[in-house]
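This report concerns only the one structure given below.
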Amino acid sequence: MNLRKIKIRFMLHLDPVLLAGLGGFLFISLVLLYSASDGNWMRVLGQLGNIAVAFTAMWIVANMPLHWLMRIAVPVYVFGMLMLVGVALFGEISHGARRWLHIGVATIQPSELMKIAVPLMMAWYFEKHEATLKLRNYFVALILLVLPVALILRQPDLGTSILIAASGFYVLFLAGLSWRIMIGGALAAMASAPFLWSALHDYQRHRILMLLDPSQDALGKGYHTIQGMIAVGSGGILGKGYMNGTQTHLDFLPERTTDFIFAVWSEEFGLLGNLLLLGLYVFVIGRGFIITANASTYFTRLMAGSITLTFFTYAFVNMGMVSGILPVVGVPLPLVSYGGTSLLTLMLGFGMLMSIDTHKQLVKT
Amino acid sequence: MNRFIELKNHQREIYYFRLRLVLSLGFVAVMLFILLARFFYLQVIRHEYFHTLSDSNRIYVVPIVPNRGLLLDRNGVVMAQNYSGYTLEIAPAKVTDMDALIAELSRLVTITPKDIKRFKKLLTERQALETMPIRSQLTDEEVARVSAQRFRFPSVEVKARLFREYPFSDVTAHLIGYVGRINQKDIEQLEEDEIASNYMGSDYIGKTGVEQSYEKALHGTTGFEQVEVDAGGRAVRVLSRTTPQSGSNLMLTLDAKLQEVAEQAFGDYRGALVAIDPTNGEVLAFVSKPGYDPALFIDGIDTETWEELNGSLDTPLNNRALRGQYPPGSTIKPFMALAGLHYGTRAPTRTISDPGYFMLPGSRHQYRDWKSGGHGAVDLYKSIVVSCDTYYYGLATEMGIDNMHGYLSRFGFGKKTGLDMDGETSGLLPSTEWKTKRYNQIWYPGDTVSAGIGQGYNLVTPLQLAVATATLANDGIAFQPHLVKEIRPARGEPVLTEHKQMYDLQIPPDHLKLVKSAMEAVTKPGGTAVGAGYGVEYRMAGKTGTAQVIAMKQGEKYDAKKISEYNRDHAWFIAFAPADKPRIALAVLAENGGHGGSTAAPIARKVLDYYLLGKIPKPLQAVSEKAGSESD
């Protein structure tokens with residue numbers, strides 16, 4: 001390792017490999033936003049501002065020593081839960097869902113915070129009970145996960161609750177939840193499905209059916225899926241070329257700077273572009289796995305593993321949704337879609353990965 | 001000392017952890033493979049198909065608006081229906097000079113200044129990429145003329161649409177309500193209810209009355225077509241079609257003819273009438289006079305007409321039956337009598353002596369009876385027949401306001417009835433607690449005295465009074481009042497509204513018998529509504545009432561001629577018939593009608609005559625043809 005690299009790693013607490021991957025994504029994001037917004041520089045500049053904020057936040061977290069991360073786990077989780085309850089009681093309704101909380105001048109979305117807070121809390125809990133792990137501890141950790149997920153599901157925000165549920169499950173899995181329980185739980189869920197179904201209200205059933213078969217709602221979400229698939233499929237192997245996507249530029253694609261930005265990429269850069277994007281995801285996730293494998297404590301292993309796998313889930317759900325193999329649940333393409341909040345939480349996660357990696361090295365030397 | 005064991009555990013743990021990490025890696029690989037396979041399928045195998053869809057043709061999803069359900073009366077008479085017609089519509093987004101365009105168009109079709117005003121108001125209400133109607137109900141000739149010149153006006157369209165029509169117009173305006181164009185506020189509400197996609201392509205939504213409260217059932221489910229269009233925007237072929245499902249037809253509990261009879265019986269009076277079948281809560285007539293022409297509101301009303309309606313002293317837009325709040329006056333007396341019997345404040349046989357006024361102990365203030373000189377010896381029966389005020393001044397004072405509140409609230413006073421129509425008001429049934437809360441004042445004994453004859457703070461809606469009368473008529477068993485008898489979906493079985501019993505007051509039969517027989521005597525010689533009961537061919541029970549509009553000074557005499565029309569007293573009448581087995585109960589209010597016996601009771605008589613005997617009154621005969629000999 002040359003001197004400069006060591007300097008970046010230990011003085012700045014930044015991981016150059018991860019940094020390169022993230023930079024690739026943010027570059028793609030800006031280029032793609034310019035096309036998706038029909039050449040609207042304001043969107044691009046807006047996202048550049050978001051990136052600046054998120055990058056700063058990442059760097060601050062990357063500089064936090066590990067015991068700080070341990071120490072903030074409980075307060076952040078409790079604070080997040082209080083805000084979720086606050087949202088449920090007096091949250092702001094927008095687009096038919098109660099997700100936002102007015103605090104003075106700003107409106108915040110506490111469910112975003114929970115994407116970090118839930119795995120952090122669970123990992124902290126497992127670290128505390130590492131020496132004497134019993135079945136009971138997994139159960140408590142499960143409750144820590146289910147409470148926020150249920151509150152967010154009620155808002156309703158299916159996309160975010162799926163991601164948080166996944167991040168919590170990864171912690172449980174990596175913490176060594178026994179196979180017997182996982183298989184048993186899966187079987188029990190399948191067996192109870194018919195009973196749950198019969199307990200639902202008609203409108204709830206209707207909504208689930210709509211989710212599974214979007215063509216039922218061809219005027220609403222089904223329209224998104226159909227137009228997304230046309231965009232992806234018509235892109236072919238080489239794509240229609242930058243700024244040349246007809247689906248994008250003739251107004252057929254909905255939400256094209258946010259949840260459906262992947263359709264823009266696919267239409268304009270084709271299968272090759274998709275391979276490039278997937279490659280970039282593999283690169284970042286691979287680095288995340290290496291950091292996880294080398295992490296020194298139980299807490300950091302769980303945390304790093306969960307962050308990495310959740311990042312992948314994020315990407316998978318979004319691309320699956322746009323290409324029509326998953327229902328439309330409202331998950332953005334990580335690091336690419338327009339929007340400050342999801343970018344900020346993602347970068348906070350990567351900040352933790354970097355902190356886990358760089359502080360450990362310091363301890364060893 | 002456990003260091004060795006811990007170390008061993010630690011290594012094993014790392015091993016297991018890395019094992020799980022490798023498994024996760026496998027999971028990621030599988031998922032990536034699935035994505036790749038999907039991309040390959042879409043972008044290589046099905047590429048031609050999607051390429052065709054996106055490039056040479058375009059797919060549009062076109063909503064097909066369902067037919068709105070019809071409204072029928074209980075005998076199947078149509079009260080709201082649809083007819084098809086043509087409108088001339090303009091897409092504002094494509095127009096640069098709107099005035100010039102309208103001027104051009106008015107050479108082809110008649111466009112009145114009113115049409116233009118209405119259109120401009122619509123423009124300000126909904127800013128969206130859609131077309132707005134400037135003229136509706138084009139004649140065939142006008143359609144032909146515009147179609148021939150169509151190429152000159154790229155922003156103009158002739159659209160075939162269904163229009164809503166209300167055959168009874170102002171007679172049922174407050175009951176049926178109307179549909180109107182969907183505005184920004186409606187859109188927000190629809191989005192909040194998550195049904196906005198069902199309203200794609202819909203132009204109208206129920207705004208008031210039954211049209212509003214049963215919007216969900218009436219609207220139906222929007223269908224859609226996926227059509228391929230060429231570059232010019234013409235539909236090439238239909239890819240798939242989901243047919244819309246028409247809205248449900250509603251059969252109302254209402255009797256349209258009875259409604260008409262009731263409406264006409266008011267003559268020139270303003271007021272309200274609600275008639276209910278006491279055995280099941282079905283609303284038979286629901287009148288608020290004056291009405292208005294609901295058709296004015298469907299495509300947006302022009303400012304001038306709206307101001308005229310809204311500013312009128314007759315307040316035609318006010319739904320008096322549902323929202324009008326008036327002092328009940330003497331119509332409260334039968335209920336007060338039951339309260340007196342219930343608490344034992346007055347035995348049936350106890351007689352008071354009425355000198356023509358009532359004084360609170362230790363006070364010289366005289367609360368006057370409507371009859372100067374008084375009614376002499378009065379027992380409970382007579383107190384209702386002659387509507388003796390002095391009797392109830394004393395009764396209320398002895399009972400106390402909170403007991404009064406307790407008993408009367410059981411009849412639904414001071415509470416919404418829960419009718420299936422939005423916007424009901426709850427009236428006011430005062431109590432000491434209420435006065436403290438509202439005015440931060442203590443309750444004065446004098447407040448109780450006037451409350452005893454239904455004046456003072458008391459307020460009721462005609463609907464509430466009708467429900468209370470129906471409850472009394474049905475021996476204390478109250479049914480939920482409702483307007484819809486049956487919902488008939490386009491497909492599937494009709495759903496009957498169940499007759500929901502709200503409560504049973506368990507009034508002792510002898511109490512009921514006494515009060516009901518007194519109410520029957522009200523319509524006979526010696527009673528306050530003898531005129532309205534003259535020659536009646538069934539047993540009719542009722543009670544007159546007068547609601548003061550302005551307060552009288554001590555010692556001053558009420559003289560209708562001296563007071564301007566809008567300050568005259570309101571006339572009330574409540575009734576049910578046949579007295580022994582009631583099939584209909586009602587409440588009539590004639591605003592500024594003066595005495596209940598002379599103005600309101602004859603209206604009730606005509607309604608009962610029609611409902612029970614099928615007698616149709618001579619149209620628009622003067623209402624007070626036979627004034628009551630006595631009044632209250």
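Naming scheme: A, B, ... for chains in displayed order of the structure tokens; residues 1 onward per chain; ligands 1 onward as shown.
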Problem set entry | Residues within 9 Å of Leu120 of chain A, only C-alpha atoms, excluding chain neighbours under 2 positions, as a list in words |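 These residues fall inside the cut-off: Leu69, Met70, Ile72, Ala73, Val74, Val76, Tyr77, Ile116, Ala117, Val118, Met122, Ala123, Trp124, Tyr125, Phe299, Leu302 and Met303 of chain A.
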Exercise. Quick one: which residues from chain B are at most 6 Å off chain A, using only C-alpha atoms, as JSON, numbers by chain?
Worked result: {"B": [42, 43, 44, 47, 50, 51, 191, 192, 197]}
Residues from last step as file, N, CA and C atoms, as a CSV table (one decimal), in the first residue's frame:
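Dumped everything to again-v4.csv:
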```
chain,number,residue,atom,x,y,z
B,42,LEU,N,-36.7,-9.5,-22.3
B,42,LEU,CA,-37.3,-8.3,-22.7
B,42,LEU,C,-36.6,-7.7,-23.9
B,43,GLN,N,-35.2,-7.6,-23.8
B,43,GLN,CA,-34.5,-6.8,-24.7
B,43,GLN,C,-34.0,-7.6,-25.9
B,44,VAL,N,-33.9,-8.9,-25.8
B,44,VAL,CA,-33.5,-9.7,-27.0
B,44,VAL,C,-34.6,-10.5,-27.5
B,47,HIS,N,-37.7,-8.2,-28.1
B,47,HIS,CA,-37.4,-6.9,-28.5
B,47,HIS,C,-38.2,-6.4,-29.6
B,50,PHE,N,-41.7,-5.3,-28.5
B,50,PHE,CA,-41.7,-4.0,-27.7
B,50,PHE,C,-41.3,-2.8,-28.6
B,51,HIS,N,-40.4,-3.2,-29.5
B,51,HIS,CA,-39.9,-2.1,-30.4
B,51,HIS,C,-41.0,-1.6,-31.3
B,191,GLU,N,-58.1,11.4,-4.3
B,191,GLU,CA,-56.8,10.9,-4.2
B,191,GLU,C,-56.6,10.4,-2.8
B,192,GLU,N,-57.1,11.1,-1.8
B,192,GLU,CA,-57.0,10.7,-0.4
B,192,GLU,C,-57.7,9.4,-0.2
B,197,SER,N,-58.2,6.8,-9.7
B,197,SER,CA,-58.1,6.2,-11.0
B,197,SER,C,-59.4,5.8,-11.5
```
Residue contacts of Lys581 of chain B (10 Å, only C-alpha atoms) excluding same-chain residues fewer than 3 positions away, as an mmCIF file with N, CA and C atoms, in the first residue's frame:
```cif
data_model
loop_
_atom_site.group_PDB
_atom_site.id
_atom_site.type_symbol
_atom_site.label_atom_id
_atom_site.label_comp_id
_atom_site.auth_asym_id
_atom_site.auth_seq_id
_atom_site.Cartn_x
_atom_site.Cartn_y
_atom_site.Cartn_z
ATOM 1 N N PRO B 278 -93.520 5.668 10.255
ATOM 2 C CA PRO B 278 -93.005 5.446 11.619
ATOM 3 C C PRO B 278 -92.687 3.981 11.902
ATOM 4 N N THR B 279 -93.223 3.068 11.102
ATOM 5 C CA THR B 279 -93.000 1.656 11.390
ATOM 6 C C THR B 279 -91.660 1.154 10.880
ATOM 7 N N ALA B 473 -95.327 8.298 17.492
ATOM 8 C CA ALA B 473 -96.418 7.605 16.809
ATOM 9 C C ALA B 473 -96.240 6.092 16.891
ATOM 10 N N ASN B 474 -94.983 5.650 16.831
ATOM 11 C CA ASN B 474 -94.706 4.207 16.852
ATOM 12 C C ASN B 474 -94.478 3.706 18.281
ATOM 13 N N ARG B 539 -108.430 8.862 11.387
ATOM 14 C CA ARG B 539 -108.127 9.455 12.685
ATOM 15 C C ARG B 539 -106.789 10.174 12.606
ATOM 16 N N PHE B 576 -99.535 12.667 12.921
ATOM 17 C CA PHE B 576 -99.435 11.289 12.454
ATOM 18 C C PHE B 576 -100.839 10.743 12.262
ATOM 19 N N ALA B 577 -100.949 9.736 11.396
ATOM 20 C CA ALA B 577 -102.267 9.183 11.087
ATOM 21 C C ALA B 577 -102.089 7.813 10.449
ATOM 22 N N PRO B 578 -103.066 6.934 10.509
ATOM 23 C CA PRO B 578 -104.230 7.006 11.410
ATOM 24 C C PRO B 578 -103.779 6.923 12.875
ATOM 25 N N ILE B 584 -98.028 7.087 8.763
ATOM 26 C CA ILE B 584 -97.218 8.237 8.338
ATOM 27 C C ILE B 584 -97.129 9.232 9.488
#
```
For this session: Write out as a list in words the residues lying within 12 Å of Gly427 of chain B, counting only C-alpha atoms and excluding same-chain residues fewer than 2 positions away.
Result: Ala321, Leu322, Arg323, Gly324, Gln325, Tyr326, Pro327, Pro328, Ser409, Gly412, Phe413, Gly414, Lys415, Lys416, Thr417, Glu424, Thr425, Leu429, Pro430, Tyr457, Asn458, Leu459, Val460, Thr461, Pro462, Leu463, Gln464 and Leu465 of chain B
Can you write out the residues you just picked, keeping N, CA and C atoms, as a compact mmCIF listing (two decimals), in the first residue's frame?
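Saved file out_20.txt follows:
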```txt
# COMPACT_ATOMS: atom_id res chain seq x y z
N ALA B 321 -84.99 21.48 5.50
CA ALA B 321 -85.42 20.24 6.15
C ALA B 321 -84.27 19.59 6.90
N LEU B 322 -83.06 19.71 6.33
CA LEU B 322 -81.90 19.02 6.88
C LEU B 322 -81.08 19.93 7.80
N ARG B 323 -80.99 21.20 7.42
CA ARG B 323 -80.05 22.09 8.11
C ARG B 323 -80.71 23.26 8.82
N GLY B 324 -82.00 23.51 8.53
CA GLY B 324 -82.67 24.65 9.13
C GLY B 324 -82.90 24.39 10.62
N GLN B 325 -82.55 25.35 11.49
CA GLN B 325 -82.71 25.15 12.93
C GLN B 325 -83.67 26.21 13.46
N TYR B 326 -84.77 25.75 14.04
CA TYR B 326 -85.82 26.65 14.50
C TYR B 326 -86.23 26.25 15.92
N PRO B 327 -86.73 27.22 16.70
CA PRO B 327 -87.30 26.82 17.99
C PRO B 327 -88.53 25.95 17.73
N PRO B 328 -88.71 24.84 18.45
CA PRO B 328 -89.83 23.95 18.16
C PRO B 328 -91.18 24.52 18.60
N SER B 409 -83.71 14.32 25.03
CA SER B 409 -82.63 13.83 24.18
C SER B 409 -82.87 12.37 23.78
N GLY B 412 -84.13 12.14 20.47
CA GLY B 412 -83.22 12.52 19.39
C GLY B 412 -83.04 14.01 19.25
N PHE B 413 -83.65 14.81 20.13
CA PHE B 413 -83.44 16.26 20.03
C PHE B 413 -81.99 16.58 20.41
N GLY B 414 -81.43 17.56 19.72
CA GLY B 414 -80.05 17.97 20.03
C GLY B 414 -79.00 17.06 19.43
N LYS B 415 -79.45 16.03 18.65
CA LYS B 415 -78.48 15.10 18.04
C LYS B 415 -78.82 14.94 16.57
N LYS B 416 -77.82 14.60 15.78
CA LYS B 416 -78.10 14.31 14.39
C LYS B 416 -78.88 13.00 14.29
N THR B 417 -79.79 12.93 13.31
CA THR B 417 -80.60 11.71 13.19
C THR B 417 -79.84 10.61 12.48
N GLU B 424 -76.07 17.29 7.79
CA GLU B 424 -77.13 17.49 8.76
C GLU B 424 -76.64 18.36 9.92
N THR B 425 -77.55 19.18 10.47
CA THR B 425 -77.20 19.92 11.67
C THR B 425 -77.86 19.24 12.88
N LEU B 429 -80.40 21.27 22.23
CA LEU B 429 -81.23 20.96 23.38
C LEU B 429 -80.46 21.44 24.60
N PRO B 430 -80.86 22.58 25.18
CA PRO B 430 -80.02 23.22 26.20
C PRO B 430 -80.00 22.45 27.53
N TYR B 457 -83.55 28.77 24.19
CA TYR B 457 -82.38 28.26 23.46
C TYR B 457 -82.70 27.09 22.55
N ASN B 458 -83.87 26.44 22.75
CA ASN B 458 -84.20 25.23 21.97
C ASN B 458 -84.15 25.47 20.47
N LEU B 459 -83.53 24.54 19.75
CA LEU B 459 -83.57 24.57 18.29
C LEU B 459 -83.73 23.15 17.78
N VAL B 460 -84.61 22.98 16.79
CA VAL B 460 -84.74 21.66 16.16
C VAL B 460 -84.71 21.84 14.66
N THR B 461 -84.38 20.76 13.94
CA THR B 461 -84.53 20.78 12.48
C THR B 461 -85.85 20.10 12.16
N PRO B 462 -86.47 20.43 11.04
CA PRO B 462 -87.71 19.74 10.65
C PRO B 462 -87.52 18.22 10.62
N LEU B 463 -86.35 17.77 10.16
CA LEU B 463 -86.09 16.33 10.12
C LEU B 463 -86.13 15.72 11.53
N GLN B 464 -85.46 16.39 12.48
CA GLN B 464 -85.44 15.89 13.87
C GLN B 464 -86.85 15.79 14.43
N LEU B 465 -87.64 16.84 14.19
CA LEU B 465 -88.98 16.86 14.75
C LEU B 465 -89.83 15.76 14.12
```
Closest contacts (segment 270-310 of chain B/segment 130-149 of chain B, max 12 Å, only C-alpha atoms) as JSON lines:
```
{"residue": "B:Ala295", "atom": "CA", "partner": "B:Ser136", "partner_atom": "CA", "distance": 11.8}
{"residue": "B:Ile298", "atom": "CA", "partner": "B:Ser136", "partner_atom": "CA", "distance": 10.7}
{"residue": "B:Asp299", "atom": "CA", "partner": "B:Pro133", "partner_atom": "CA", "distance": 7.9}
{"residue": "B:Gly300", "atom": "CA", "partner": "B:Pro133", "partner_atom": "CA", "distance": 9.9}
{"residue": "B:Asp302", "atom": "CA", "partner": "B:Ile134", "partner_atom": "CA", "distance": 11.9}
```
For this session: Pick out each residue of segment 279-524 of chain B that DSSP on the backbone tags as alpha helix (DSSP H); I need them as a VMD selection string.
Result: chain B and resid 295 to 298 303 to 311 320 to 323 333 to 343 380 to 385 389 to 399 401 to 408 432 to 439 445 to 451 462 to 473 509 to 522
Go ahead and dump the residues you just picked, C-alpha atoms, as a compact mmCIF listing (two decimals), in the first residue's frame.
```txt
# COMPACT_ATOMS: atom_id res chain seq x y z
CA ALA B 295 -79.61 21.75 -13.74
CA LEU B 296 -78.00 25.17 -13.28
CA PHE B 297 -75.17 23.61 -11.29
CA ILE B 298 -74.28 20.62 -13.46
CA THR B 303 -71.57 34.06 -11.28
CA GLU B 304 -74.60 36.24 -11.81
CA THR B 305 -77.19 33.51 -11.33
CA TRP B 306 -75.28 32.16 -8.39
CA GLU B 307 -75.21 35.51 -6.66
CA GLU B 308 -78.88 35.92 -7.33
CA LEU B 309 -79.65 32.56 -5.71
CA ASN B 310 -77.20 32.98 -2.88
CA GLY B 311 -78.21 36.52 -2.09
CA ARG B 320 -84.23 23.78 5.51
CA ALA B 321 -85.42 20.24 6.15
CA LEU B 322 -81.90 19.02 6.88
CA ARG B 323 -80.05 22.09 8.11
CA LYS B 333 -95.46 19.96 24.45
CA PRO B 334 -96.47 16.32 23.81
CA PHE B 335 -92.87 15.30 24.52
CA MET B 336 -92.80 17.54 27.60
CA ALA B 337 -96.04 15.92 28.77
CA LEU B 338 -94.46 12.46 28.45
CA ALA B 339 -91.44 13.76 30.39
CA GLY B 340 -93.75 15.06 33.14
CA LEU B 341 -95.47 11.67 33.37
CA HIS B 342 -92.13 9.86 33.29
CA TYR B 343 -90.61 11.80 36.18
CA LEU B 380 -102.50 17.26 31.11
CA TYR B 381 -104.96 16.22 28.39
CA LYS B 382 -106.37 19.71 28.01
CA SER B 383 -102.92 21.28 28.15
CA ILE B 384 -102.12 19.61 24.82
CA VAL B 385 -105.54 20.15 23.21
CA ASP B 389 -98.44 27.65 27.95
CA THR B 390 -98.94 28.26 31.67
CA TYR B 391 -99.17 24.52 32.31
CA TYR B 392 -95.78 23.93 30.72
CA TYR B 393 -94.09 26.93 32.34
CA GLY B 394 -94.84 25.33 35.68
CA LEU B 395 -94.07 21.80 34.56
CA ALA B 396 -90.64 22.78 33.18
CA THR B 397 -89.78 24.75 36.30
CA GLU B 398 -90.63 21.86 38.60
CA MET B 399 -88.92 19.26 36.42
CA ILE B 401 -83.80 21.87 32.81
CA ASP B 402 -81.44 18.92 33.19
CA ASN B 403 -84.27 16.40 33.57
CA MET B 404 -85.89 18.00 30.57
CA HIS B 405 -82.67 17.65 28.62
CA GLY B 406 -82.32 14.06 29.75
CA TYR B 407 -85.77 12.98 28.62
CA LEU B 408 -86.04 14.97 25.39
CA THR B 432 -76.96 23.81 32.46
CA GLU B 433 -73.76 22.11 31.32
CA TRP B 434 -74.23 23.38 27.78
CA LYS B 435 -74.80 26.95 28.91
CA THR B 436 -71.66 26.93 31.06
CA LYS B 437 -69.64 25.60 28.18
CA ARG B 438 -71.10 27.85 25.53
CA TYR B 439 -71.57 31.16 27.35
CA PRO B 445 -84.71 29.80 36.30
CA GLY B 446 -86.24 32.06 33.65
CA ASP B 447 -84.38 30.10 30.94
CA THR B 448 -86.23 26.98 32.04
CA VAL B 449 -89.62 28.66 31.84
CA SER B 450 -89.31 29.59 28.16
CA ALA B 451 -87.61 26.28 27.35
CA PRO B 462 -87.71 19.74 10.65
CA LEU B 463 -86.09 16.33 10.12
CA GLN B 464 -85.44 15.89 13.87
CA LEU B 465 -88.98 16.86 14.75
CA ALA B 466 -90.35 14.43 12.16
CA VAL B 467 -88.22 11.61 13.57
CA ALA B 468 -89.33 12.42 17.12
CA THR B 469 -92.98 12.49 15.99
CA ALA B 470 -92.55 9.15 14.22
CA THR B 471 -91.02 7.70 17.38
CA LEU B 472 -93.97 8.91 19.43
CA ALA B 473 -96.42 7.60 16.81
CA PRO B 509 -98.86 2.34 27.39
CA ASP B 510 -101.12 4.50 29.56
CA HIS B 511 -98.82 7.51 29.10
CA LEU B 512 -98.84 6.99 25.36
CA LYS B 513 -102.57 6.56 25.23
CA LEU B 514 -103.21 9.78 27.12
CA VAL B 515 -100.86 11.93 25.03
CA LYS B 516 -101.92 10.41 21.72
CA SER B 517 -105.63 10.88 22.46
CA ALA B 518 -104.94 14.51 23.39
CA MET B 519 -103.08 14.95 20.10
CA GLU B 520 -106.06 13.49 18.27
CA ALA B 521 -108.33 15.97 20.04
CA VAL B 522 -106.11 18.80 18.75
```
Exercise. Contacts of Pro119 of chain A at 7 Å or less, counting only C-alpha atoms, minus same-chain residues fewer than 5 places along, as a ChimeraX atom specification?
Worked result: /A:167-168,171,303,306
Problem set entry | Surrounding residues of segment 59-68 of chain A excluding itself and chain neighbours under 3 positions, 7 Å, only C-alpha atoms, as an MDAnalysis selection string | chainID A and resid 13:14 55:56 71:72 348 351:352 354:356 359
For this session: Among the residues of segment 428-563 of chain B, find those DSSP assigns to strand (DSSP E or B) from the backbone and print them as a list of chain:residue names.
Result: B:Leu428, B:Leu459, B:Val460, B:Ile477, B:Ala478, B:Phe479, B:His482, B:Val484, B:Lys485, B:Glu486, B:Ile487, B:Arg488, B:Val495, B:Leu496, B:Gln501, B:Met502, B:Tyr503, B:Asp504, B:Ala541, B:Gly542, B:Lys543, B:Thr544, B:Gly545, B:Thr546, B:Ala547
Mind writing the picked residues with C-alpha atoms as a PDB file, in the first residue's frame?
```pdb
ATOM      1  CA  LEU B 428     -79.836  22.397  20.204  1.00  0.00           C
ATOM      2  CA  LEU B 459     -83.566  24.572  18.291  1.00  0.00           C
ATOM      3  CA  VAL B 460     -84.737  21.661  16.163  1.00  0.00           C
ATOM      4  CA  ILE B 477     -89.803   2.497  19.038  1.00  0.00           C
ATOM      5  CA  ALA B 478     -87.521   4.571  16.829  1.00  0.00           C
ATOM      6  CA  PHE B 479     -86.296   3.491  13.419  1.00  0.00           C
ATOM      7  CA  HIS B 482     -83.339   6.683   5.585  1.00  0.00           C
ATOM      8  CA  VAL B 484     -82.712   4.742   0.036  1.00  0.00           C
ATOM      9  CA  LYS B 485     -84.891   1.649  -0.001  1.00  0.00           C
ATOM     10  CA  GLU B 486     -82.894  -0.516  -2.311  1.00  0.00           C
ATOM     11  CA  ILE B 487     -79.551  -0.442  -4.118  1.00  0.00           C
ATOM     12  CA  ARG B 488     -79.765  -2.213  -7.457  1.00  0.00           C
ATOM     13  CA  VAL B 495     -79.559  -4.909  -1.750  1.00  0.00           C
ATOM     14  CA  LEU B 496     -82.465  -3.833   0.453  1.00  0.00           C
ATOM     15  CA  GLN B 501     -84.392  -0.062  15.006  1.00  0.00           C
ATOM     16  CA  MET B 502     -82.442   2.672  16.789  1.00  0.00           C
ATOM     17  CA  TYR B 503     -83.960   2.380  20.261  1.00  0.00           C
ATOM     18  CA  ASP B 504     -87.104   1.527  22.195  1.00  0.00           C
ATOM     19  CA  ALA B 541    -103.434  13.319  15.517  1.00  0.00           C
ATOM     20  CA  GLY B 542    -101.283  16.411  15.627  1.00  0.00           C
ATOM     21  CA  LYS B 543     -99.884  19.362  17.510  1.00  0.00           C
ATOM     22  CA  THR B 544     -99.538  22.954  16.476  1.00  0.00           C
ATOM     23  CA  GLY B 545     -96.586  25.169  17.253  1.00  0.00           C
ATOM     24  CA  THR B 546     -95.333  28.683  16.733  1.00  0.00           C
ATOM     25  CA  ALA B 547     -91.703  29.641  16.714  1.00  0.00           C
TER      26      ALA B 547
END
```
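What separates atom CA of Arg9 of chain A from atom CA of Lys115 of chain A is a distance of 26.4 Å.
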Problem set entry | For segment 601-603 of chain B: contacts at 6 Å, only C-alpha atoms, fewer than 2 positions along chain excluded, given as an MDAnalysis selection string | chainID B and resid 265 532 573 597 599 605:606
